[in-house]
$ cat entry_38.txt   # compact mmCIF, C-alpha atoms
# COMPACT_ATOMS: atom_id res chain seq x y z
CA MET A 1 144.91 261.46 353.70
CA SER A 2 142.50 259.33 355.72
CA LYS A 3 140.45 260.80 358.52
CA ASP A 4 141.95 258.35 361.04
CA LYS A 5 145.45 259.73 360.61
CA ASN A 6 146.52 262.49 362.98
CA ILE A 7 148.25 265.50 361.50
CA THR A 8 149.67 266.50 364.86
CA THR A 9 151.52 264.20 367.22
CA LYS A 10 151.89 266.45 370.26
CA PRO A 11 149.95 269.59 371.19
CA ALA A 12 151.48 272.82 369.92
CA VAL A 13 150.59 276.15 371.52
CA TYR A 14 150.70 279.33 369.46
CA LYS A 15 150.47 282.78 371.03
CA TYR A 16 151.18 286.35 370.02
CA PRO A 17 154.20 288.13 371.49
CA PHE A 18 153.44 290.42 374.43
CA LEU A 19 153.90 293.64 372.41
CA ALA A 20 151.60 292.40 369.63
CA GLN A 21 148.94 291.51 372.21
CA ILE A 22 149.16 295.01 373.70
CA ILE A 23 148.84 296.60 370.26
CA TYR A 24 145.96 294.41 369.07
CA LYS A 25 144.02 294.64 372.33
CA HIS A 26 144.72 298.09 373.78
CA VAL A 27 145.88 300.59 371.12
CA PHE A 28 142.21 300.89 370.21
CA TYR A 29 141.49 303.09 373.23
CA PRO A 30 143.98 305.93 372.64
CA LEU A 31 143.03 306.01 368.95
CA ILE A 32 139.34 306.30 369.78
CA LEU A 33 140.08 309.02 372.34
CA LEU A 34 142.28 310.98 369.92
CA PHE A 35 139.95 310.86 366.93
CA GLY A 36 136.85 311.21 369.12
CA LEU A 37 138.19 314.43 370.63
CA GLN A 38 139.09 315.75 367.17
CA LEU A 39 135.61 314.88 365.90
CA GLY A 40 133.99 316.60 368.88
CA TYR A 41 136.12 319.72 368.47
CA SER A 42 135.41 319.88 364.71
CA LEU A 43 131.68 319.58 365.34
CA TYR A 44 131.90 322.26 368.03
CA LEU A 45 133.56 324.65 365.55
CA VAL A 46 130.93 324.05 362.84
CA THR A 47 128.94 326.96 364.27
CA GLU A 48 131.84 329.27 363.37
CA SER A 49 132.53 327.86 359.91
CA THR A 50 130.90 325.11 357.90
CA MET A 51 134.37 324.21 356.57
CA ASN A 52 134.86 322.36 359.86
CA LEU A 53 132.50 319.69 358.51
CA ILE A 54 135.36 318.40 356.33
CA PRO A 55 137.67 317.39 359.20
CA ALA A 56 134.64 316.15 361.13
CA ALA A 57 133.68 313.87 358.23
CA ILE A 58 137.27 312.62 357.89
CA ASN A 59 137.46 311.88 361.62
CA ALA A 60 134.10 310.10 361.51
CA VAL A 61 135.30 307.87 358.66
CA ILE A 62 138.56 307.11 360.49
CA LEU A 63 136.63 306.25 363.67
CA PHE A 64 134.35 303.93 361.69
CA ILE A 65 137.35 302.13 360.14
CA ILE A 66 139.04 301.76 363.55
CA PHE A 67 135.85 300.39 365.15
CA LYS A 68 135.34 297.94 362.30
CA TYR A 69 138.95 296.70 362.37
CA TYR A 70 139.15 296.24 366.14
CA SER A 71 135.70 294.68 366.48
CA ASN A 72 136.74 292.16 363.80
CA ILE A 73 139.90 291.34 365.78
CA ALA A 74 137.99 290.99 369.06
CA LYS A 75 135.37 288.74 367.49
CA ASN A 76 137.43 286.52 365.15
CA VAL A 77 141.09 286.50 366.23
CA PRO A 78 142.09 284.17 369.07
CA PHE A 79 145.17 285.18 371.03
CA LYS A 80 145.89 281.57 372.01
CA ILE A 81 145.70 278.62 369.60
CA VAL A 82 146.39 275.02 370.59
CA LEU A 83 146.86 272.52 367.76
CA SER A 84 146.13 269.03 369.08
CA ASN A 85 144.59 265.85 367.65
CA ASN A 86 143.64 267.42 364.30
CA MET A 87 141.83 270.25 366.06
CA LEU A 88 142.50 273.91 366.64
CA ILE A 89 141.41 274.95 370.12
CA CYS A 90 141.12 278.73 370.01
CA SER A 91 140.72 280.92 373.09
CA GLN A 92 141.32 284.43 374.42
CA PHE A 93 139.22 286.31 371.82
CA GLY A 94 139.57 289.98 372.72
CA TYR A 95 138.16 290.25 376.22
CA SER A 96 135.85 287.23 376.09
CA LYS A 97 136.53 283.86 377.66
CA LYS A 98 134.97 281.84 374.86
CA GLU A 99 136.75 278.78 373.52
CA VAL A 100 136.20 277.47 369.99
CA LYS A 101 137.11 273.98 368.82
CA PHE A 102 137.83 273.98 365.10
CA PRO A 103 138.44 270.51 363.55
CA LEU A 104 141.05 270.70 360.77
CA ASP A 105 139.13 268.31 358.51
CA GLU A 106 136.12 270.68 358.56
CA ILE A 107 138.01 273.65 357.07
CA ASP A 108 136.09 274.53 353.89
CA HIS A 109 138.34 277.26 352.57
CA ILE A 110 141.11 279.63 353.54
CA GLU A 111 141.27 283.30 352.56
CA GLY A 112 143.66 286.16 353.05
CA GLY A 113 147.22 286.20 354.27
CA VAL A 114 149.76 284.42 352.08
CA PHE A 115 146.92 282.84 350.07
CA SER A 116 145.80 286.24 348.78
CA GLY A 117 149.30 287.50 348.02
CA LYS A 118 149.29 289.87 351.00
CA ALA A 119 151.53 288.26 353.60
CA THR A 120 150.75 290.92 356.21
CA SER A 121 146.95 290.63 356.08
CA THR A 122 144.79 288.44 358.30
CA LEU A 123 144.43 284.78 357.33
CA TYR A 124 140.86 283.47 357.71
CA LEU A 125 139.84 279.82 358.16
CA PHE A 126 136.19 279.04 357.35
CA SER A 127 133.96 276.14 358.33
CA GLU A 128 130.50 276.29 356.78
CA LYS A 129 129.38 273.18 358.70
CA ASN A 130 129.98 274.80 362.10
CA ASN A 131 129.43 278.38 360.91
CA LEU A 132 132.90 279.37 362.13
CA MET A 133 135.45 281.89 361.00
CA ILE A 134 138.83 282.18 362.70
CA GLY A 135 141.35 284.91 361.92
CA ILE A 136 145.09 284.48 362.34
CA LEU A 137 147.35 287.52 362.23
CA PRO A 138 150.88 287.13 360.80
CA HIS A 139 152.52 288.26 364.07
CA LEU A 140 151.61 284.94 365.71
CA THR A 141 154.66 283.15 367.09
CA GLY A 142 155.11 280.09 364.87
CA TYR A 143 152.75 281.48 362.20
CA ASN A 144 154.51 279.70 359.31
CA SER A 145 154.46 276.30 361.00
CA LEU A 146 150.77 276.70 361.88
CA VAL A 147 149.86 277.70 358.33
CA SER A 148 151.79 274.76 356.86

$ encode --input "entry_38.txt" --output "structure tokens"
Amino acid sequence: MSKDKNITTKPAVYKYPFLAQIIYKHVFYPLILLFGLQLGYSLYLVTESTMNLIPAAINAVILFIIFKYYSNIAKNVPFKIVLSNNMLICSQFGYSKKEVKFPLDEIDHIEGGVFSGKATSTLYLFSEKNNLMIGILPHLTGYNSLVS
């Protein structure tokens, strides 16, 4: 395919459903509160019994995993993607107002999602030239048409 040829003819807008946006953006807070309180209570009870270090360690690991997962979503997953003129225009990353323009011809490789055999995992698009990584979750409306 030549570089002059457009893959897209008209702009297509891809967004996540409202419920998916709520889950990916806001479920983080009750989880942090729940496991944070459990961690604090377990650490408080360590003075009574050192066996309380076990649930404290488990809660700390769970909190670390939650922080890592949600910080990855906030940093790399756009909640609005516009496909226009051979370019992905990605915006609404977590709570930031940044906008990333990702030319389709500069995609170096794709990982995750259907390409890794795990259809429910995040699909990542990489561009080494621009030092970009964009994540696309499978709950995106029109996910299959965007991936194709």

$ residues_around --input "entry_38.txt" --residues "Pro103 of chain A" --least-positions-apart "3" --cutoff "10 Å" --atoms "all atoms listed in the file" --output "short mmCIF file (atom, residue, chain, number, x, y, z; two decimals) with C-alpha atoms, in the coordinates of the input"
data_model
loop_
_atom_site.label_atom_id
_atom_site.label_comp_id
_atom_site.auth_asym_id
_atom_site.auth_seq_id
_atom_site.Cartn_x
_atom_site.Cartn_y
_atom_site.Cartn_z
CA LEU A 83 146.86 272.52 367.76
CA SER A 84 146.13 269.03 369.08
CA ASN A 85 144.59 265.85 367.65
CA ASN A 86 143.64 267.42 364.30
CA MET A 87 141.83 270.25 366.06
CA LEU A 88 142.50 273.91 366.64
CA ILE A 89 141.41 274.95 370.12
CA VAL A 100 136.20 277.47 369.99
CA GLU A 106 136.12 270.68 358.56
CA ILE A 107 138.01 273.65 357.07
CA SER A 127 133.96 276.14 358.33
CA ASN A 130 129.98 274.80 362.10
#

$ residues_around --input "entry_38.txt" --residues "Ile81 of chain A" --least-positions-apart "4" --cutoff "8 Å" --atoms "all atoms listed in the file" --output "ChimeraX atom specification"
/A:13-15,88-91

$ atom_distance --input "entry_38.txt" --atom1 "atom CA of Tyr124 of chain A" --atom2 "atom CA of Tyr95 of chain A"
19.9 Å

$ residues_around --input "entry_38.txt" --residues "Lys25 of chain A" --least-positions-apart "5" --cutoff "9 Å" --atoms "only C-alpha atoms" --output "VMD selection string"
chain A and resid 20 70 73 to 74 94 to 95

$ write_last_selection --input "entry_38.txt" --atoms "C-alpha atoms" --output "PDB file, in the coordinates of the input"
ATOM      1  CA  ALA A  20     151.600 292.400 369.630  1.00  0.00           C
ATOM      2  CA  TYR A  70     139.150 296.240 366.140  1.00  0.00           C
ATOM      3  CA  ILE A  73     139.900 291.340 365.780  1.00  0.00           C
ATOM      4  CA  ALA A  74     137.990 290.990 369.060  1.00  0.00           C
ATOM      5  CA  GLY A  94     139.570 289.980 372.720  1.00  0.00           C
ATOM      6  CA  TYR A  95     138.160 290.250 376.220  1.00  0.00           C
TER       7      TYR A  95
END

$ atom_distance --input "entry_38.txt" --atom1 "atom CA of Lys75 of chain A" --atom2 "atom CA of Phe126 of chain A"
14.1 Å

$ closest_residue --input "entry_38.txt" --among "A:Asn144, A:Asn52, A:Asn59, A:Ser42" --to "Gly113 of chain A" --atoms "all atoms listed in the file"
A:Asn144

$ closest_residue --input "entry_38.txt" --among "A:Lys101, A:Gln38, A:Val147, A:His26" --to "Asn131 of chain A" --atoms "all atoms listed in the file"
A:Lys101

$ closest_residue --input "entry_38.txt" --among "A:Lys97, A:Lys80, A:His109, A:Lys118" --to "Thr141 of chain A" --atoms "all atoms listed in the file"
A:Lys80

$ atom_distance --input "entry_38.txt" --atom1 "atom CA of Leu140 of chain A" --atom2 "atom CA of Val27 of chain A"
17.5 Å

$ closest_residue --input "entry_38.txt" --among "A:Asp108, A:Glu128, A:Phe18, A:Gly36" --to "Phe67 of chain A" --atoms "all atoms listed in the file"
A:Gly36

$ closest_residue --input "entry_38.txt" --among "A:Met133, A:Leu43, A:Ile66, A:Leu33" --to "Pro78 of chain A" --atoms "all atoms listed in the file"
A:Met133

$ closest_residue --input "entry_38.txt" --among "A:Val77, A:Tyr29, A:Leu37, A:Tyr143" --to "Lys98 of chain A" --atoms "only C-alpha atoms"
A:Val77
